[in-house]
$ cat model12.tsv   # TSV, C-alpha atoms and all ligand atoms
chain	number	residue	atom	x	y	z
A	140	MET	CA	-11.06	-30.32	82.85
A	141	LYS	CA	-14.71	-29.30	83.13
A	142	ILE	CA	-15.64	-25.66	83.44
A	143	TRP	CA	-18.93	-23.85	83.85
A	144	LEU	CA	-19.82	-21.51	81.03
A	145	ASP	CA	-23.13	-19.71	80.74
A	146	GLY	CA	-25.42	-22.16	82.44
A	147	ALA	CA	-23.78	-25.56	81.98
A	148	LEU	CA	-20.71	-27.68	82.65
A	149	ARG	CA	-18.58	-28.05	79.53
A	150	ASP	CA	-15.24	-29.50	78.50
A	151	ALA	CA	-12.73	-26.69	78.92
A	152	ASP	CA	-11.16	-27.47	75.53
A	153	ALA	CA	-14.47	-27.13	73.73
A	154	ALA	CA	-15.96	-24.18	75.67
A	155	GLN	CA	-16.08	-20.97	73.67
A	156	VAL	CA	-16.42	-17.30	74.58
A	157	SER	CA	-16.72	-14.73	71.82
A	158	VAL	CA	-13.55	-12.92	70.80
A	159	LEU	CA	-15.71	-9.79	71.04
A	160	ASP	CA	-16.47	-10.34	74.73
A	161	HIS	CA	-16.10	-7.09	76.65
A	162	GLY	CA	-13.98	-8.87	79.23
A	163	LEU	CA	-11.39	-9.53	76.53
A	164	THR	CA	-11.66	-6.32	74.52
A	165	VAL	CA	-11.65	-3.77	77.35
A	166	GLY	CA	-11.21	-5.73	80.59
A	167	ASP	CA	-14.84	-5.06	81.56
A	168	GLY	CA	-15.22	-7.91	83.99
A	169	VAL	CA	-14.88	-8.93	87.61
A	170	PHE	CA	-13.51	-12.06	89.23
A	171	GLU	CA	-12.96	-14.02	92.39
A	172	THR	CA	-10.33	-16.58	93.35
A	173	LEU	CA	-11.25	-19.03	96.09
A	174	LYS	CA	-9.34	-21.94	97.53
A	175	THR	CA	-10.97	-25.35	97.84
A	176	THR	CA	-9.93	-28.06	100.23
A	177	GLU	CA	-11.17	-31.55	99.34
A	178	GLY	CA	-13.89	-29.93	97.25
A	179	THR	CA	-15.06	-27.40	99.85
A	180	PRO	CA	-14.58	-23.74	98.91
A	181	PHE	CA	-13.46	-21.43	101.69
A	182	ALA	CA	-15.52	-18.31	102.48
A	183	LEU	CA	-17.81	-18.74	99.49
A	184	THR	CA	-20.47	-16.36	100.85
A	185	ARG	CA	-17.97	-13.53	101.36
A	186	HIS	CA	-16.51	-14.08	97.89
A	187	LEU	CA	-19.98	-14.00	96.31
A	188	HIS	CA	-20.82	-10.74	98.07
A	189	ARG	CA	-17.59	-9.20	96.83
A	190	LEU	CA	-18.25	-10.46	93.29
A	191	ALA	CA	-21.67	-8.79	93.35
A	192	ALA	CA	-20.23	-5.56	94.77
A	193	SER	CA	-17.50	-5.49	92.10
A	194	ALA	CA	-20.09	-6.13	89.36
A	195	ARG	CA	-22.26	-3.31	90.71
A	196	GLY	CA	-19.23	-1.00	90.76
A	197	LEU	CA	-18.62	-1.69	87.07
A	198	GLY	CA	-22.30	-1.30	86.21
A	199	LEU	CA	-22.61	-4.92	85.11
A	200	PRO	CA	-25.96	-6.70	85.48
A	201	GLU	CA	-26.40	-8.12	88.99
A	202	PRO	CA	-24.94	-11.66	88.91
A	203	ASP	CA	-27.33	-14.50	89.79
A	204	LEU	CA	-25.54	-15.66	92.93
A	205	ASP	CA	-27.61	-18.87	93.12
A	206	GLU	CA	-26.30	-19.80	89.70
A	207	VAL	CA	-22.75	-18.90	90.72
A	208	ARG	CA	-23.10	-21.15	93.79
A	209	ARG	CA	-24.46	-23.98	91.63
A	210	ALA	CA	-21.61	-23.47	89.17
A	211	CYS	CA	-18.98	-23.60	91.95
A	212	ALA	CA	-20.50	-26.82	93.34
A	213	ALA	CA	-20.69	-28.44	89.88
A	214	VAL	CA	-17.12	-27.48	88.97
A	215	THR	CA	-15.60	-28.63	92.27
A	216	GLU	CA	-17.47	-31.93	92.00
A	217	ALA	CA	-16.41	-32.47	88.39
A	218	ASN	CA	-12.71	-31.71	89.08
A	219	PRO	CA	-11.72	-33.45	92.31
A	220	VAL	CA	-8.41	-32.06	93.60
A	221	PRO	CA	-7.12	-32.03	97.20
A	222	PHE	CA	-6.26	-28.31	97.14
A	223	GLY	CA	-7.76	-26.20	94.40
A	224	ARG	CA	-7.97	-22.70	93.00
A	225	LEU	CA	-11.52	-21.88	91.97
A	226	ARG	CA	-11.83	-18.95	89.63
A	227	ILE	CA	-15.10	-17.14	88.94
A	228	THR	CA	-15.05	-14.69	86.03
A	229	TYR	CA	-18.05	-12.52	85.19
A	230	THR	CA	-17.87	-10.08	82.28
A	231	GLY	CA	-20.03	-7.59	80.44
A	232	GLY	CA	-20.61	-10.03	77.57
A	233	LEU	CA	-20.48	-9.04	73.94
A	234	SER	CA	-18.95	-5.67	73.12
A	235	PRO	CA	-20.89	-3.21	70.92
A	236	LEU	CA	-19.09	-4.68	67.89
A	237	GLY	CA	-20.57	-8.08	68.63
A	238	SER	CA	-24.04	-7.03	69.75
A	239	ASP	CA	-25.56	-7.52	66.29
A	240	ARG	CA	-25.31	-11.22	67.09
A	241	GLY	CA	-28.17	-10.74	69.49
A	242	GLU	CA	-26.42	-12.28	72.53
A	243	THR	CA	-25.86	-9.41	74.89
A	244	GLY	CA	-26.01	-11.01	78.35
A	245	PRO	CA	-23.04	-11.19	80.70
A	246	THR	CA	-20.55	-14.07	80.53
A	247	LEU	CA	-20.03	-16.32	83.56
A	248	VAL	CA	-17.09	-18.73	83.65
A	249	VAL	CA	-16.16	-20.89	86.65
A	250	ALA	CA	-13.00	-23.00	86.45
A	251	LEU	CA	-10.87	-24.94	88.90
A	252	GLY	CA	-7.23	-25.93	88.82
A	253	GLU	CA	-4.84	-27.47	91.32
A	254	ALA	CA	-3.26	-24.93	93.64
A	255	THR	CA	0.12	-25.07	95.30
A	256	ARG	CA	0.60	-24.34	98.97
A	257	ARG	CA	2.75	-21.27	99.58
A	258	PRO	CA	5.77	-21.30	101.90
A	259	ASP	CA	5.41	-19.68	105.33
A	260	SER	CA	7.68	-16.79	104.38
A	261	THR	CA	8.74	-14.99	101.25
A	262	SER	CA	10.67	-12.13	99.64
A	263	VAL	CA	8.87	-8.93	98.68
A	264	ILE	CA	9.81	-5.69	96.93
A	265	THR	CA	8.23	-2.26	96.87
A	266	VAL	CA	7.48	-0.70	93.49
A	267	PRO	CA	7.53	3.00	92.54
A	268	TRP	CA	4.10	2.90	90.89
A	269	THR	CA	1.11	4.07	92.90
A	270	ARG	CA	-2.35	2.71	93.55
A	271	ASN	CA	-5.01	5.32	92.96
A	272	GLU	CA	-7.06	5.42	96.14
A	273	ARG	CA	-9.84	7.47	94.48
A	274	GLY	CA	-10.23	5.86	91.07
A	275	ALA	CA	-13.45	4.56	89.53
A	276	LEU	CA	-12.17	1.00	90.00
A	277	THR	CA	-10.69	1.40	93.47
A	278	GLY	CA	-11.74	-1.47	95.71
A	279	LEU	CA	-13.27	-3.49	92.85
A	280	LYS	CA	-11.85	-6.85	91.88
A	281	THR	CA	-11.86	-6.31	88.13
A	282	THR	CA	-10.18	-8.31	85.40
A	283	SER	CA	-8.10	-5.21	84.55
A	284	TYR	CA	-5.05	-6.67	86.28
A	285	ALA	CA	-2.26	-5.67	83.94
A	286	GLU	CA	-0.77	-3.20	86.45
A	287	ASN	CA	-0.39	-6.10	88.86
A	288	VAL	CA	1.13	-8.30	86.18
A	289	VAL	CA	3.79	-5.65	85.48
A	290	ALA	CA	4.61	-5.18	89.18
A	291	LEU	CA	4.75	-8.93	89.80
A	292	ALA	CA	7.13	-9.36	86.85
A	293	ARG	CA	9.40	-6.73	88.46
A	294	ALA	CA	9.27	-8.69	91.73
A	295	ARG	CA	10.19	-11.92	89.96
A	296	GLN	CA	13.16	-10.25	88.27
A	297	GLN	CA	14.41	-9.52	91.79
A	298	ALA	CA	13.79	-13.06	93.10
A	299	ALA	CA	10.75	-11.88	95.06
A	300	THR	CA	7.20	-13.23	94.93
A	301	GLU	CA	5.18	-10.10	95.63
A	302	ALA	CA	5.37	-6.35	95.06
A	303	LEU	CA	3.90	-3.76	97.41
A	304	PHE	CA	2.29	-0.51	96.23
A	305	GLY	CA	1.89	2.77	98.03
A	306	ASN	CA	-0.97	5.10	97.10
A	307	THR	CA	-0.80	8.63	95.67
A	308	HIS	CA	-0.35	10.04	99.20
A	309	GLY	CA	2.65	7.84	99.94
A	310	GLN	CA	0.64	5.57	102.23
A	311	LEU	CA	1.13	1.83	102.27
A	312	CYS	CA	-1.63	0.16	100.25
A	313	GLU	CA	-1.39	-3.52	99.20
A	314	GLY	CA	0.41	-6.07	97.05
A	315	THR	CA	-0.42	-7.18	93.51
A	316	GLY	CA	-2.57	-9.99	94.88
A	317	SER	CA	-2.39	-9.60	98.63
A	318	ASN	CA	-3.01	-7.29	101.56
A	319	VAL	CA	-0.30	-6.26	103.97
A	320	PHE	CA	-0.05	-6.17	107.77
A	321	VAL	CA	2.77	-4.68	109.83
A	322	VAL	CA	3.73	-4.90	113.49
A	323	LEU	CA	4.72	-1.54	114.96
A	324	ASP	CA	5.70	-1.26	118.61
A	325	GLY	CA	4.05	-4.63	119.15
A	326	ALA	CA	0.71	-3.57	117.61
A	327	LEU	CA	-0.67	-5.29	114.52
A	328	CYS	CA	-1.89	-2.81	111.88
A	329	THR	CA	-3.14	-2.90	108.32
A	330	PRO	CA	-3.94	-0.08	105.87
A	331	PRO	CA	-7.62	1.01	105.82
A	332	LEU	CA	-9.79	0.52	102.72
A	333	SER	CA	-9.43	4.29	102.13
A	334	SER	CA	-5.80	3.55	101.20
A	335	GLY	CA	-7.19	2.09	97.98
A	336	CYS	CA	-6.58	-1.56	98.82
A	337	LEU	CA	-8.95	-4.36	97.97
A	338	ALA	CA	-11.17	-5.55	100.80
A	339	GLY	CA	-9.34	-8.88	100.88
A	340	ILE	CA	-11.38	-11.70	102.34
A	341	THR	CA	-8.33	-12.98	104.23
A	342	ARG	CA	-7.49	-9.44	105.39
A	343	GLY	CA	-10.99	-9.02	106.79
A	344	LEU	CA	-10.94	-12.34	108.64
A	345	VAL	CA	-7.42	-11.84	110.01
A	346	ALA	CA	-8.33	-8.35	111.21
A	347	GLU	CA	-11.53	-9.62	112.88
A	348	TRP	CA	-9.88	-12.64	114.46
A	349	THR	CA	-6.72	-10.90	115.71
A	350	GLY	CA	-8.14	-7.45	116.50
A	351	ALA	CA	-5.62	-5.77	114.15
A	352	GLN	CA	-6.07	-2.01	113.79
A	353	GLU	CA	-6.82	-0.31	110.48
A	354	THR	CA	-4.46	2.65	110.36
A	355	GLU	CA	-3.00	4.89	107.69
A	356	LEU	CA	0.62	3.86	107.38
A	357	PRO	CA	3.22	5.95	105.56
A	358	LEU	CA	5.41	3.74	103.35
A	359	GLU	CA	8.36	4.50	105.62
A	360	VAL	CA	6.90	2.23	108.32
A	361	LEU	CA	8.20	-0.67	106.28
A	362	ASP	CA	11.74	0.37	107.30
A	363	ARG	CA	11.00	0.12	111.01
A	364	ALA	CA	8.29	-2.56	111.20
A	365	GLU	CA	9.15	-5.35	113.59
A	366	GLU	CA	7.23	-7.82	111.44
A	367	ILE	CA	5.44	-7.71	108.10
A	368	PHE	CA	3.07	-10.25	106.62
A	369	LEU	CA	0.85	-10.69	103.59
A	370	THR	CA	-2.63	-12.15	103.43
A	371	SER	CA	-4.49	-13.63	100.48
A	372	THR	CA	-6.69	-16.53	99.56
A	373	LEU	CA	-3.85	-18.78	98.41
A	374	ARG	CA	-1.28	-17.55	100.93
A	375	ASP	CA	-3.44	-17.34	104.04
A	376	VAL	CA	-0.92	-15.53	106.26
A	377	GLN	CA	2.61	-15.37	104.83
A	378	ALA	CA	5.54	-13.74	106.60
A	379	VAL	CA	7.81	-11.31	104.76
A	380	ALA	CA	11.38	-12.51	105.32
A	381	ARG	CA	13.08	-10.12	102.89
A	382	LEU	CA	11.98	-6.67	101.80
A	383	ASP	CA	13.82	-4.92	98.97
A	384	GLY	CA	16.77	-7.23	99.60
A	385	ARG	CA	16.92	-6.54	103.37
A	386	THR	CA	16.44	-9.52	105.67
A	387	LEU	CA	13.83	-9.30	108.41
A	388	PRO	CA	15.40	-11.58	110.99
A	389	GLY	CA	13.33	-14.30	112.60
A	390	ALA	CA	10.37	-14.19	110.19
A	391	PRO	CA	7.75	-15.36	110.94
A	392	GLY	CA	7.99	-13.38	114.18
A	393	PRO	CA	5.73	-13.99	117.18
A	394	VAL	CA	2.78	-11.81	116.10
A	395	THR	CA	2.81	-13.28	112.58
A	396	ALA	CA	3.08	-16.81	113.96
A	397	LYS	CA	0.08	-16.15	116.21
A	398	ALA	CA	-1.94	-14.75	113.28
A	399	MET	CA	-1.06	-17.87	111.26
A	400	GLU	CA	-2.19	-20.11	114.10
A	401	ILE	CA	-5.46	-18.25	114.68
A	402	PHE	CA	-6.24	-18.18	110.97
A	403	ALA	CA	-5.50	-21.90	110.52
A	404	GLU	CA	-7.65	-22.85	113.52
A	405	ARG	CA	-10.62	-20.59	112.81
A	406	SER	CA	-10.75	-21.29	109.08
A	407	ALA	CA	-10.56	-25.06	109.68
A	408	ALA	CA	-13.45	-24.78	112.15
A	409	ASP	CA	-15.71	-22.84	109.77
A	410	SER	CA	-15.32	-23.05	105.99
A	411	ASP	CA	-17.88	-20.30	105.32
A	412	PRO	CA	-17.54	-17.58	107.95
A	413	GLY	CA	-20.39	-15.24	106.97
B	1	LIG	N1	-5.37	-7.26	96.88
B	1	LIG	C1	-5.44	-7.58	95.58
B	1	LIG	C2	-5.14	-6.56	94.54
B	1	LIG	C3	-5.80	-8.89	95.20
B	1	LIG	O1	-5.87	-9.21	93.91
B	1	LIG	C4	-6.06	-9.85	96.20
B	1	LIG	C5	-6.43	-11.21	95.84
B	1	LIG	O2	-6.27	-11.65	94.74
B	1	LIG	C6	-5.97	-9.47	97.53
B	1	LIG	C7	-5.64	-8.16	97.85
B	1	LIG	C8	-6.23	-10.46	98.64
B	1	LIG	O3	-7.61	-10.76	98.70
B	1	LIG	P1	-8.17	-12.15	99.21
B	1	LIG	O4	-7.73	-12.31	100.63
B	1	LIG	O5	-9.64	-12.00	99.08
B	1	LIG	O6	-7.60	-13.21	98.33
$ encode --input "model12.tsv" --output "structure tokens"
Amino acid sequence: MKIWLDGALRDADAAQVSVLDHGLTVGDGVFETLKTTEGTPFALTRHLHRLAASARGLGLPEPDLDEVRRACAAVTEANPVPFGRLRITYTGGLSPLGSDRGETGPTLVVALGEATRRPDSTSVITVPWTRNERGALTGLKTTSYAENVVALARARQQAATEALFGNTHGQLCEGTGSNVFVVLDGALCTPPLSSGCLAGITRGLVAEWTGAQETELPLEVLDRAEEIFLTSTLRDVQAVARLDGRTLPGAPGPVTAKAMEIFAERSAADSDPG
């Protein structure tokens, strides 16, 4: 496998990042995951804007987005796969301990692996831990993902594939790697960014293309929602068929099925909706 590291394509096995990189020592880094279909990344421009916004939020040097674009093109060309997962990682570079080595610039890694298509519906749990809707990292896609790893492990123990968080005010927020939509009295709603959720690229497109409303949603709505679905880069739109062990009959329901159809059509028609 070829990856991009600091300005050039390299063999993944031979590529080296310092063990004193800030991304490793303190999780001071940001990332993006994109899907590629036959070598074409989806929504690259939106992902690059979010990468830059996350980097700014962490106080990292502004990433050179032309280089990131070049890196994505080089990596997708060098690793031809029908359906891929393209990962951009951008970190603060050497930690203070390593700075006497004189290399203090940020680290950019772009890698691509084969992705698997997700089923149309899945099982989800809720977790008791809260997202902080007013933290320094809220809304940033940082490499500090351990909270999500813990919640996802809990989901897997319960034969589920995703875990949903509420925020400190008991409002529905998001999953470990997805945003959430619910249908209430026939209306499609999703938590607002003020809930503390990530501005998911898929969330944004689904909301624009379906006209879904951003509304604060107490966690209890999950008990009475007619339909629930998740959105993310590798899921697109995925219906929730079981929540905390309770079956949601008929998933994907009609609103979810329509959102799936609209997303599939619009994203096939335009691979880089600006
Ligand atoms: N929320 C979190 C915490 C995520 O990590 C992700 C994606 O990984 C999402 C939401 C969904 O975002 P996107 O649609 O951009 O993949």
$ atom_distance --input "model12.tsv" --atom1 "atom CA of Ile264 of chain A" --atom2 "atom CA of Phe368 of chain A"
12.7 Å
$ residues_near_point --input "model12.tsv" --point "(-19.4, -19.7, 82.5)" --cutoff "10 Å" --atoms "all atoms listed in the file" --output "list in words"
Ile142, Trp143, Leu144, Asp145, Gly146, Ala147, Leu148, Arg149, Ala154, Gln155, Val156, Glu206, Val207, Ala210, Ile227, Thr228, Tyr229, Thr230, Pro245, Thr246, Leu247, Val248, Val249 and Ala250 of chain A
$ residues_near_ligand --input "model12.tsv" --ligand "ligand LIG 1 (chain B)" --cutoff "6 Å" --atoms "all atoms listed in the file" --output "count of residues only"
14
$ residues_around --input "model12.tsv" --residues "Asp160 of chain A" --least-positions-apart "6" --cutoff "7 Å" --atoms "all atoms listed in the file" --output "PyMOL selection string"
chain A and resi 232-234
$ axis_aligned_box --input "model12.tsv" --around "segment 280-292 of chain A" --padding-each-side "6 Å" --output "JSON"
{"center_x": -2.4, "center_y": -6.3, "center_z": 87.9, "size_x": 31.0, "size_y": 18.2, "size_z": 19.9}
$ residues_around --input "model12.tsv" --residues "segment 276-289 of chain A" --least-positions-apart "6" --cutoff "8 Å" --atoms "all atoms listed in the file" --output "PDB file with C-alpha atoms, keeping the file's coordinate frame"
ATOM      1  CA  GLY A 162     -13.980  -8.870  79.230  1.00  0.00           C
ATOM      2  CA  GLY A 166     -11.210  -5.730  80.590  1.00  0.00           C
ATOM      3  CA  ASP A 167     -14.840  -5.060  81.560  1.00  0.00           C
ATOM      4  CA  GLY A 168     -15.220  -7.910  83.990  1.00  0.00           C
ATOM      5  CA  VAL A 169     -14.880  -8.930  87.610  1.00  0.00           C
ATOM      6  CA  PHE A 170     -13.510 -12.060  89.230  1.00  0.00           C
ATOM      7  CA  GLU A 171     -12.960 -14.020  92.390  1.00  0.00           C
ATOM      8  CA  ARG A 189     -17.590  -9.200  96.830  1.00  0.00           C
ATOM      9  CA  LEU A 190     -18.250 -10.460  93.290  1.00  0.00           C
ATOM     10  CA  ALA A 192     -20.230  -5.560  94.770  1.00  0.00           C
ATOM     11  CA  SER A 193     -17.500  -5.490  92.100  1.00  0.00           C
ATOM     12  CA  GLY A 196     -19.230  -1.000  90.760  1.00  0.00           C
ATOM     13  CA  LEU A 197     -18.620  -1.690  87.070  1.00  0.00           C
ATOM     14  CA  THR A 315      -0.420  -7.180  93.510  1.00  0.00           C
ATOM     15  CA  GLY A 316      -2.570  -9.990  94.880  1.00  0.00           C
ATOM     16  CA  LEU A 332      -9.790   0.520 102.720  1.00  0.00           C
ATOM     17  CA  GLY A 335      -7.190   2.090  97.980  1.00  0.00           C
ATOM     18  CA  CYS A 336      -6.580  -1.560  98.820  1.00  0.00           C
ATOM     19  CA  LEU A 337      -8.950  -4.360  97.970  1.00  0.00           C
ATOM     20  CA  ALA A 338     -11.170  -5.550 100.800  1.00  0.00           C
TER      21      ALA A 338
END
$ atom_distance --input "model12.tsv" --atom1 "atom CA of Ser333 of chain A" --atom2 "atom CA of Gly305 of chain A"
12.1 Å
$ closest_residue --input "model12.tsv" --among "A:Ala407, A:Leu358, A:Val158, A:Ala351" --to "Thr307 of chain A" --atoms "all atoms listed in the file"
A:Leu358
$ atom_distance --input "model12.tsv" --atom1 "atom CA of Arg226 of chain A" --atom2 "atom CA of Ala213 of chain A"
13.0 Å
$ closest_residue --input "model12.tsv" --among "A:Ser262, A:Thr329, A:Thr395, A:Ser334" --to "Ala302 of chain A" --atoms "only C-alpha atoms"
A:Ser262
$ residues_around --input "model12.tsv" --residues "Leu373 of chain A" --least-positions-apart "3" --cutoff "12 Å" --atoms "all atoms listed in the file" --output "PyMOL selection string"
chain A and resi 171-176+180-181+222-226+253-259+316-318+339-341+369-370+376-377
$ write_last_selection --input "model12.tsv" --atoms "C-alpha atoms" --output "short mmCIF file (atom, residue, chain, number, x, y, z; two decimals), keeping the file's coordinate frame"
data_model
loop_
_atom_site.label_atom_id
_atom_site.label_comp_id
_atom_site.auth_asym_id
_atom_site.auth_seq_id
_atom_site.Cartn_x
_atom_site.Cartn_y
_atom_site.Cartn_z
CA GLU A 171 -12.96 -14.02 92.39
CA THR A 172 -10.33 -16.58 93.35
CA LEU A 173 -11.25 -19.03 96.09
CA LYS A 174 -9.34 -21.94 97.53
CA THR A 175 -10.97 -25.35 97.84
CA THR A 176 -9.93 -28.06 100.23
CA PRO A 180 -14.58 -23.74 98.91
CA PHE A 181 -13.46 -21.43 101.69
CA PHE A 222 -6.26 -28.31 97.14
CA GLY A 223 -7.76 -26.20 94.40
CA ARG A 224 -7.97 -22.70 93.00
CA LEU A 225 -11.52 -21.88 91.97
CA ARG A 226 -11.83 -18.95 89.63
CA GLU A 253 -4.84 -27.47 91.32
CA ALA A 254 -3.26 -24.93 93.64
CA THR A 255 0.12 -25.07 95.30
CA ARG A 256 0.60 -24.34 98.97
CA ARG A 257 2.75 -21.27 99.58
CA PRO A 258 5.77 -21.30 101.90
CA ASP A 259 5.41 -19.68 105.33
CA GLY A 316 -2.57 -9.99 94.88
CA SER A 317 -2.39 -9.60 98.63
CA ASN A 318 -3.01 -7.29 101.56
CA GLY A 339 -9.34 -8.88 100.88
CA ILE A 340 -11.38 -11.70 102.34
CA THR A 341 -8.33 -12.98 104.23
CA LEU A 369 0.85 -10.69 103.59
CA THR A 370 -2.63 -12.15 103.43
CA VAL A 376 -0.92 -15.53 106.26
CA GLN A 377 2.61 -15.37 104.83
#
$ closest_residue --input "model12.tsv" --among "A:Asp383, A:Asp409, A:Glu404, A:Asp152" --to "Val263 of chain A" --atoms "all atoms listed in the file"
A:Asp383
$ closest_residue --input "model12.tsv" --among "A:Ser410, A:Pro331, A:Gly325, A:Asn306" --to "Gly178 of chain A" --atoms "all atoms listed in the file"
A:Ser410
$ residues_near_point --input "model12.tsv" --point "(-0.1, -1.7, 116.6)" --cutoff "12 Å" --atoms "only C-alpha atoms" --output "short mmCIF file (atom, residue, chain, number, x, y, z; two decimals) with C-alpha atoms, keeping the file's coordinate frame"
data_model
loop_
_atom_site.label_atom_id
_atom_site.label_comp_id
_atom_site.auth_asym_id
_atom_site.auth_seq_id
_atom_site.Cartn_x
_atom_site.Cartn_y
_atom_site.Cartn_z
CA PHE A 320 -0.05 -6.17 107.77
CA VAL A 321 2.77 -4.68 109.83
CA VAL A 322 3.73 -4.90 113.49
CA LEU A 323 4.72 -1.54 114.96
CA ASP A 324 5.70 -1.26 118.61
CA GLY A 325 4.05 -4.63 119.15
CA ALA A 326 0.71 -3.57 117.61
CA LEU A 327 -0.67 -5.29 114.52
CA CYS A 328 -1.89 -2.81 111.88
CA THR A 329 -3.14 -2.90 108.32
CA PRO A 330 -3.94 -0.08 105.87
CA ALA A 346 -8.33 -8.35 111.21
CA THR A 349 -6.72 -10.90 115.71
CA GLY A 350 -8.14 -7.45 116.50
CA ALA A 351 -5.62 -5.77 114.15
CA GLN A 352 -6.07 -2.01 113.79
CA GLU A 353 -6.82 -0.31 110.48
CA THR A 354 -4.46 2.65 110.36
CA GLU A 355 -3.00 4.89 107.69
CA LEU A 356 0.62 3.86 107.38
CA VAL A 360 6.90 2.23 108.32
CA ALA A 364 8.29 -2.56 111.20
CA GLU A 365 9.15 -5.35 113.59
CA GLU A 366 7.23 -7.82 111.44
CA ILE A 367 5.44 -7.71 108.10
CA VAL A 394 2.78 -11.81 116.10
#
$ closest_residue --input "model12.tsv" --among "A:Leu163, A:Ala217, A:Leu382, A:Met399" --to "Ala298 of chain A" --atoms "all atoms listed in the file"
A:Leu382
$ residues_around --input "model12.tsv" --residues "Leu183 of chain A" --least-positions-apart "5" --cutoff "9 Å" --atoms "only C-alpha atoms" --output "short mmCIF file (atom, residue, chain, number, x, y, z; two decimals) with C-alpha atoms, in the frame of the given file"
data_model
loop_
_atom_site.label_atom_id
_atom_site.label_comp_id
_atom_site.auth_asym_id
_atom_site.auth_seq_id
_atom_site.Cartn_x
_atom_site.Cartn_y
_atom_site.Cartn_z
CA LEU A 173 -11.25 -19.03 96.09
CA HIS A 188 -20.82 -10.74 98.07
CA ARG A 208 -23.10 -21.15 93.79
CA SER A 410 -15.32 -23.05 105.99
CA ASP A 411 -17.88 -20.30 105.32
CA PRO A 412 -17.54 -17.58 107.95
CA GLY A 413 -20.39 -15.24 106.97
#
$ residues_around --input "model12.tsv" --residues "Ala191 of chain A" --least-positions-apart "3" --cutoff "9 Å" --atoms "only C-alpha atoms" --output "ChimeraX atom specification"
/A:169,186-188,194-196,201-204
$ build_atoms --input "model12.tsv" --residues "segment 244-255 of chain A" --atoms "N, CA, C and O atoms" --output "PDB file, keeping the file's coordinate frame"
ATOM      1  N   GLY A 244     -26.076 -10.792  76.899  1.00  0.00           N
ATOM      2  CA  GLY A 244     -26.010 -11.010  78.350  1.00  0.00           C
ATOM      3  C   GLY A 244     -24.578 -11.119  78.824  1.00  0.00           C
ATOM      4  O   GLY A 244     -23.646 -11.246  78.023  1.00  0.00           O
ATOM      5  N   PRO A 245     -24.387 -11.044  80.143  1.00  0.00           N
ATOM      6  CA  PRO A 245     -23.040 -11.190  80.700  1.00  0.00           C
ATOM      7  C   PRO A 245     -22.506 -12.610  80.501  1.00  0.00           C
ATOM      8  O   PRO A 245     -23.270 -13.531  80.214  1.00  0.00           O
ATOM      9  N   THR A 246     -21.203 -12.759  80.649  1.00  0.00           N
ATOM     10  CA  THR A 246     -20.550 -14.070  80.530  1.00  0.00           C
ATOM     11  C   THR A 246     -20.127 -14.527  81.923  1.00  0.00           C
ATOM     12  O   THR A 246     -19.488 -13.755  82.648  1.00  0.00           O
ATOM     13  N   LEU A 247     -20.472 -15.759  82.283  1.00  0.00           N
ATOM     14  CA  LEU A 247     -20.030 -16.320  83.560  1.00  0.00           C
ATOM     15  C   LEU A 247     -19.191 -17.569  83.281  1.00  0.00           C
ATOM     16  O   LEU A 247     -19.667 -18.496  82.618  1.00  0.00           O
ATOM     17  N   VAL A 248     -17.965 -17.558  83.781  1.00  0.00           N
ATOM     18  CA  VAL A 248     -17.090 -18.730  83.650  1.00  0.00           C
ATOM     19  C   VAL A 248     -16.623 -19.126  85.044  1.00  0.00           C
ATOM     20  O   VAL A 248     -16.179 -18.259  85.812  1.00  0.00           O
ATOM     21  N   VAL A 249     -16.731 -20.396  85.391  1.00  0.00           N
ATOM     22  CA  VAL A 249     -16.160 -20.890  86.650  1.00  0.00           C
ATOM     23  C   VAL A 249     -15.221 -22.046  86.302  1.00  0.00           C
ATOM     24  O   VAL A 249     -15.624 -22.970  85.582  1.00  0.00           O
ATOM     25  N   ALA A 250     -13.994 -21.970  86.757  1.00  0.00           N
ATOM     26  CA  ALA A 250     -13.000 -23.000  86.450  1.00  0.00           C
ATOM     27  C   ALA A 250     -12.223 -23.342  87.713  1.00  0.00           C
ATOM     28  O   ALA A 250     -12.176 -22.545  88.656  1.00  0.00           O
ATOM     29  N   LEU A 251     -11.630 -24.528  87.721  1.00  0.00           N
ATOM     30  CA  LEU A 251     -10.870 -24.940  88.900  1.00  0.00           C
ATOM     31  C   LEU A 251      -9.586 -25.643  88.481  1.00  0.00           C
ATOM     32  O   LEU A 251      -9.608 -26.491  87.591  1.00  0.00           O
ATOM     33  N   GLY A 252      -8.493 -25.240  89.076  1.00  0.00           N
ATOM     34  CA  GLY A 252      -7.230 -25.930  88.820  1.00  0.00           C
ATOM     35  C   GLY A 252      -6.588 -26.298  90.142  1.00  0.00           C
ATOM     36  O   GLY A 252      -7.026 -25.841  91.201  1.00  0.00           O
ATOM     37  N   GLU A 253      -5.540 -27.132  90.079  1.00  0.00           N
ATOM     38  CA  GLU A 253      -4.840 -27.470  91.320  1.00  0.00           C
ATOM     39  C   GLU A 253      -4.040 -26.262  91.785  1.00  0.00           C
ATOM     40  O   GLU A 253      -3.450 -25.550  90.961  1.00  0.00           O
ATOM     41  N   ALA A 254      -4.035 -26.044  93.089  1.00  0.00           N
ATOM     42  CA  ALA A 254      -3.260 -24.930  93.640  1.00  0.00           C
ATOM     43  C   ALA A 254      -2.052 -25.484  94.372  1.00  0.00           C
ATOM     44  O   ALA A 254      -2.054 -26.647  94.780  1.00  0.00           O
ATOM     45  N   THR A 255      -1.041 -24.633  94.514  1.00  0.00           N
ATOM     46  CA  THR A 255       0.120 -25.070  95.300  1.00  0.00           C
ATOM     47  C   THR A 255       0.121 -24.309  96.620  1.00  0.00           C
ATOM     48  O   THR A 255      -0.239 -23.128  96.657  1.00  0.00           O
TER      49      THR A 255
END
